[in-house]
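For reference, query_1.txt is printed below; it contains compact mmCIF, N, CA and C atoms.
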```
# COMPACT_ATOMS: atom_id res chain seq x y z
N MET A 1 0.84 -1.17 0.00
CA MET A 1 0.00 0.00 0.00
C MET A 1 0.89 1.24 0.00
N ILE A 2 0.55 2.20 -0.82
CA ILE A 2 1.30 3.44 -0.92
C ILE A 2 0.66 4.49 -0.01
N HIS A 3 1.48 5.09 0.81
CA HIS A 3 1.00 6.11 1.75
C HIS A 3 0.52 7.34 0.97
N SER A 4 -0.48 8.01 1.48
CA SER A 4 -1.04 9.18 0.80
C SER A 4 0.01 10.30 0.65
N ASN A 5 0.93 10.42 1.59
CA ASN A 5 1.99 11.42 1.46
C ASN A 5 2.88 11.12 0.26
N SER A 6 3.15 9.83 0.03
CA SER A 6 3.96 9.43 -1.12
C SER A 6 3.24 9.75 -2.42
N ARG A 7 1.95 9.48 -2.47
CA ARG A 7 1.17 9.80 -3.67
C ARG A 7 1.18 11.30 -3.93
N ALA A 8 1.02 12.08 -2.88
CA ALA A 8 1.00 13.54 -3.03
C ALA A 8 2.36 14.06 -3.50
N ALA A 9 3.43 13.49 -2.96
CA ALA A 9 4.77 13.91 -3.37
C ALA A 9 5.01 13.59 -4.83
N TYR A 10 4.62 12.38 -5.25
CA TYR A 10 4.78 12.00 -6.65
C TYR A 10 3.96 12.91 -7.56
N ALA A 11 2.74 13.17 -7.18
CA ALA A 11 1.87 14.02 -8.00
C ALA A 11 2.44 15.42 -8.15
N SER A 12 3.15 15.89 -7.14
CA SER A 12 3.70 17.24 -7.21
C SER A 12 4.90 17.33 -8.15
N VAL A 13 5.64 16.24 -8.33
CA VAL A 13 6.81 16.28 -9.22
C VAL A 13 6.56 15.67 -10.58
N ALA A 14 5.51 14.93 -10.77
CA ALA A 14 5.25 14.27 -12.05
C ALA A 14 5.21 15.24 -13.22
N PRO A 15 4.51 16.37 -13.12
CA PRO A 15 4.51 17.30 -14.25
C PRO A 15 5.90 17.85 -14.57
N VAL A 16 6.68 18.12 -13.55
CA VAL A 16 8.03 18.65 -13.75
C VAL A 16 8.90 17.59 -14.42
N THR A 17 8.83 16.37 -13.92
CA THR A 17 9.61 15.28 -14.50
C THR A 17 9.21 15.07 -15.94
N GLY A 18 7.92 15.10 -16.22
CA GLY A 18 7.45 14.93 -17.59
C GLY A 18 7.99 16.01 -18.51
N GLN A 19 7.97 17.24 -18.08
CA GLN A 19 8.49 18.34 -18.88
C GLN A 19 9.99 18.21 -19.06
N ALA A 20 10.69 17.77 -18.02
CA ALA A 20 12.13 17.58 -18.11
C ALA A 20 12.47 16.48 -19.12
N CYS A 21 11.69 15.41 -19.13
CA CYS A 21 11.90 14.34 -20.11
C CYS A 21 11.70 14.86 -21.53
N ILE A 22 10.71 15.70 -21.71
CA ILE A 22 10.45 16.28 -23.02
C ILE A 22 11.64 17.12 -23.47
N GLU A 23 12.21 17.89 -22.54
CA GLU A 23 13.37 18.72 -22.87
C GLU A 23 14.58 17.87 -23.26
N VAL A 24 14.83 16.82 -22.50
CA VAL A 24 15.95 15.92 -22.80
C VAL A 24 15.74 15.25 -24.15
N LEU A 25 14.55 14.77 -24.40
CA LEU A 25 14.25 14.13 -25.68
C LEU A 25 14.43 15.11 -26.84
N ARG A 26 14.01 16.34 -26.66
CA ARG A 26 14.16 17.36 -27.70
C ARG A 26 15.64 17.59 -28.03
N VAL A 27 16.45 17.72 -26.99
CA VAL A 27 17.88 17.97 -27.20
C VAL A 27 18.54 16.78 -27.90
N ILE A 28 18.20 15.57 -27.50
CA ILE A 28 18.77 14.39 -28.16
C ILE A 28 18.34 14.37 -29.62
N ARG A 29 17.07 14.61 -29.88
CA ARG A 29 16.56 14.58 -31.25
C ARG A 29 17.28 15.60 -32.13
N GLU A 30 17.57 16.78 -31.60
CA GLU A 30 18.21 17.85 -32.36
C GLU A 30 19.67 17.55 -32.69
N SER A 31 20.38 16.84 -31.83
CA SER A 31 21.83 16.69 -32.00
C SER A 31 22.32 15.27 -31.72
N GLN A 32 21.55 14.27 -32.05
CA GLN A 32 21.95 12.91 -31.74
C GLN A 32 23.08 12.42 -32.62
N PRO A 33 23.87 11.49 -32.14
CA PRO A 33 23.89 10.96 -30.78
C PRO A 33 24.61 11.91 -29.84
N MET A 34 24.25 11.83 -28.57
CA MET A 34 24.81 12.72 -27.55
C MET A 34 25.08 11.93 -26.27
N THR A 35 26.01 12.44 -25.49
CA THR A 35 26.26 11.87 -24.16
C THR A 35 25.38 12.60 -23.14
N ARG A 36 25.28 12.00 -21.98
CA ARG A 36 24.56 12.65 -20.88
C ARG A 36 25.22 14.00 -20.53
N GLN A 37 26.55 14.02 -20.61
CA GLN A 37 27.29 15.24 -20.29
C GLN A 37 26.98 16.33 -21.32
N ASP A 38 26.86 15.95 -22.59
CA ASP A 38 26.49 16.91 -23.64
C ASP A 38 25.10 17.50 -23.37
N ILE A 39 24.18 16.63 -22.97
CA ILE A 39 22.82 17.08 -22.69
C ILE A 39 22.82 18.05 -21.51
N ALA A 40 23.56 17.70 -20.45
CA ALA A 40 23.64 18.58 -19.27
C ALA A 40 24.20 19.94 -19.65
N ALA A 41 25.23 19.96 -20.48
CA ALA A 41 25.82 21.23 -20.90
C ALA A 41 24.84 22.03 -21.75
N ARG A 42 24.15 21.38 -22.66
CA ARG A 42 23.21 22.06 -23.54
C ARG A 42 22.06 22.68 -22.76
N LEU A 43 21.56 21.96 -21.75
CA LEU A 43 20.42 22.45 -20.97
C LEU A 43 20.84 23.26 -19.75
N ASP A 44 22.15 23.29 -19.46
CA ASP A 44 22.67 23.96 -18.28
C ASP A 44 22.05 23.36 -17.01
N TRP A 45 22.03 22.03 -16.96
CA TRP A 45 21.49 21.27 -15.83
C TRP A 45 22.61 20.51 -15.15
N GLU A 46 22.38 20.11 -13.91
CA GLU A 46 23.28 19.20 -13.21
C GLU A 46 23.17 17.82 -13.86
N ILE A 47 24.26 17.07 -13.87
CA ILE A 47 24.27 15.76 -14.51
C ILE A 47 23.27 14.80 -13.86
N ASN A 48 23.06 14.92 -12.55
CA ASN A 48 22.10 14.04 -11.87
C ASN A 48 20.68 14.24 -12.40
N ARG A 49 20.33 15.45 -12.72
CA ARG A 49 19.01 15.72 -13.27
C ARG A 49 18.86 15.07 -14.64
N VAL A 50 19.90 15.15 -15.44
CA VAL A 50 19.87 14.54 -16.78
C VAL A 50 19.82 13.03 -16.68
N THR A 51 20.64 12.46 -15.82
CA THR A 51 20.73 11.00 -15.70
C THR A 51 19.38 10.39 -15.34
N GLY A 52 18.67 11.02 -14.43
CA GLY A 52 17.35 10.51 -14.06
C GLY A 52 16.37 10.54 -15.21
N ARG A 53 16.39 11.62 -15.98
CA ARG A 53 15.48 11.73 -17.11
C ARG A 53 15.87 10.76 -18.21
N VAL A 54 17.17 10.57 -18.42
CA VAL A 54 17.63 9.60 -19.43
C VAL A 54 17.16 8.20 -19.03
N ARG A 55 17.27 7.85 -17.76
CA ARG A 55 16.82 6.53 -17.29
C ARG A 55 15.33 6.36 -17.56
N GLU A 56 14.54 7.38 -17.30
CA GLU A 56 13.10 7.30 -17.57
C GLU A 56 12.85 7.07 -19.06
N LEU A 57 13.55 7.80 -19.91
CA LEU A 57 13.35 7.65 -21.35
C LEU A 57 13.81 6.30 -21.85
N LEU A 58 14.90 5.78 -21.30
CA LEU A 58 15.35 4.43 -21.65
C LEU A 58 14.32 3.40 -21.22
N ASP A 59 13.81 3.54 -20.01
CA ASP A 59 12.81 2.60 -19.49
C ASP A 59 11.53 2.63 -20.32
N LYS A 60 11.19 3.78 -20.87
CA LYS A 60 9.98 3.91 -21.69
C LYS A 60 10.23 3.59 -23.15
N ASN A 61 11.48 3.17 -23.47
CA ASN A 61 11.83 2.78 -24.84
C ASN A 61 11.76 3.95 -25.83
N LYS A 62 11.98 5.16 -25.36
CA LYS A 62 11.96 6.34 -26.24
C LYS A 62 13.32 6.63 -26.84
N ILE A 63 14.38 6.23 -26.11
CA ILE A 63 15.75 6.43 -26.60
C ILE A 63 16.51 5.12 -26.42
N ILE A 64 17.66 5.02 -27.08
CA ILE A 64 18.51 3.84 -26.95
C ILE A 64 19.95 4.26 -26.74
N GLU A 65 20.73 3.34 -26.16
CA GLU A 65 22.17 3.53 -26.08
C GLU A 65 22.71 3.25 -27.47
N ALA A 66 23.56 4.12 -27.99
CA ALA A 66 24.02 4.01 -29.37
C ALA A 66 25.54 4.00 -29.45
N GLY A 67 26.16 3.18 -28.65
CA GLY A 67 27.61 3.11 -28.68
C GLY A 67 28.24 3.98 -27.61
N ASN A 68 29.53 4.25 -27.78
CA ASN A 68 30.28 5.01 -26.80
C ASN A 68 31.08 6.11 -27.46
N ASP A 69 31.28 7.17 -26.70
CA ASP A 69 32.13 8.29 -27.13
C ASP A 69 33.49 8.09 -26.46
N TYR A 70 34.49 7.77 -27.25
CA TYR A 70 35.83 7.50 -26.72
C TYR A 70 36.74 8.73 -26.80
N SER A 71 36.20 9.89 -27.07
CA SER A 71 37.02 11.09 -27.18
C SER A 71 37.37 11.68 -25.81
N HIS A 72 36.86 11.08 -24.75
CA HIS A 72 37.13 11.53 -23.39
C HIS A 72 37.93 10.45 -22.67
N PRO A 73 38.67 10.82 -21.63
CA PRO A 73 39.42 9.81 -20.88
C PRO A 73 38.51 8.74 -20.27
N VAL A 74 37.29 9.11 -19.94
CA VAL A 74 36.32 8.16 -19.39
C VAL A 74 35.30 7.85 -20.47
N LYS A 75 35.02 6.55 -20.67
CA LYS A 75 34.05 6.14 -21.68
C LYS A 75 32.68 6.74 -21.34
N ARG A 76 32.03 7.33 -22.34
CA ARG A 76 30.71 7.92 -22.16
C ARG A 76 29.76 7.32 -23.19
N GLY A 77 28.58 6.91 -22.71
CA GLY A 77 27.58 6.33 -23.60
C GLY A 77 26.91 7.38 -24.46
N LEU A 78 26.68 7.02 -25.71
CA LEU A 78 25.96 7.90 -26.63
C LEU A 78 24.49 7.49 -26.66
N LEU A 79 23.62 8.46 -26.77
CA LEU A 79 22.18 8.23 -26.78
C LEU A 79 21.58 8.75 -28.08
N ARG A 80 20.55 8.06 -28.55
CA ARG A 80 19.82 8.54 -29.71
C ARG A 80 18.36 8.16 -29.55
N VAL A 81 17.52 8.87 -30.29
CA VAL A 81 16.08 8.60 -30.26
C VAL A 81 15.84 7.26 -30.95
N LYS A 82 14.99 6.45 -30.37
CA LYS A 82 14.66 5.15 -30.95
C LYS A 82 13.82 5.33 -32.19
N LEU A 83 14.23 4.67 -33.25
CA LEU A 83 13.49 4.78 -34.51
C LEU A 83 12.26 3.91 -34.52
```
Write out the structure in this file as structure tokens.
Amino acid sequence: MIHSNSRAAYASVAPVTGQACIEVLRVIRESQPMTRQDIAARLDWEINRVTGRVRELLDKNKIIEAGNDYSHPVKRGLLRVKL
């Protein structure tokens, strides 16, 4: 059973999360493939905010992992919109 406070908290952030997902999807669509770091820089967001939205979009099958960007010392995954 979900507590009513939990439902209220989710309801208060759901619209924001939805809008954030739309923004992330828009940025990926405009310049794919992109890394999470590229998205964060483009939107001027913290990486944690981007990572959560990317996970949501991956879970909903809206985007896919499309290889890796090896131009950085640390391997970074590339993302693209699912066709």
Need the shell around range 50-62 of chain A: protein/DNA/RNA residues with any atom at most 5 Å away, counting all atoms listed in the file. Skip same-chain ones fewer than 2 positions apart. Format as an MDAnalysis selection string?
chainID A and resid 46:48 64 81:82
Please build the interface table for range 62-82 of chain A against range 29-38 of chain A with a cut-off of 6 Å, listing for each qualifying residue the nearest atom pair and the distance in Å to one decimal; count only N, CA and C atoms, order rows by chain and increasing number, and write it as CSV.
```
residue,atom,partner,partner_atom,distance
A:Arg76,C,A:Thr35,CA,5.8
A:Gly77,C,A:Thr35,CA,4.5
A:Leu78,CA,A:Met34,C,4.1
A:Leu79,N,A:Met34,C,3.8
A:Arg80,CA,A:Pro33,CA,4.9
A:Val81,N,A:Arg29,N,5.8
```
Output, as AutoDock Vina command-line options, the centre and edge lengths in Å (one decimal) of the axis-aligned box that contains all listed atoms of range 28-32 of chain A with 4 Å of margin on each side.
```
--center_x 19.8 --center_y 15.1 --center_z -30.1 --size_x 14.5 --size_y 13.4 --size_z 13.2
```
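On the backbone of this structure, DSSP gives strand (DSSP E or B) within chain A to Met34, Ile63, Ile64, Glu65, Ala66, Gly67, Asn68, Asp69, Arg76, Gly77, Leu78, Leu79, Arg80 and Val81 of chain A.
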Which parts of range 22-63 of chain A does DSSP call helix (DSSP H, G or I) when run on the backbone here, written out as number ranges by chain?
A: 22-31, 36-43, 47-59
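CA of Val27 in chain A sits 7.7 Å away from atom N of Leu43 in chain A.
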Please report the interatomic distance between atom N of Arg26 in chain A and atom C of Asp69 in chain A in Å with one decimal.
21.2 Å
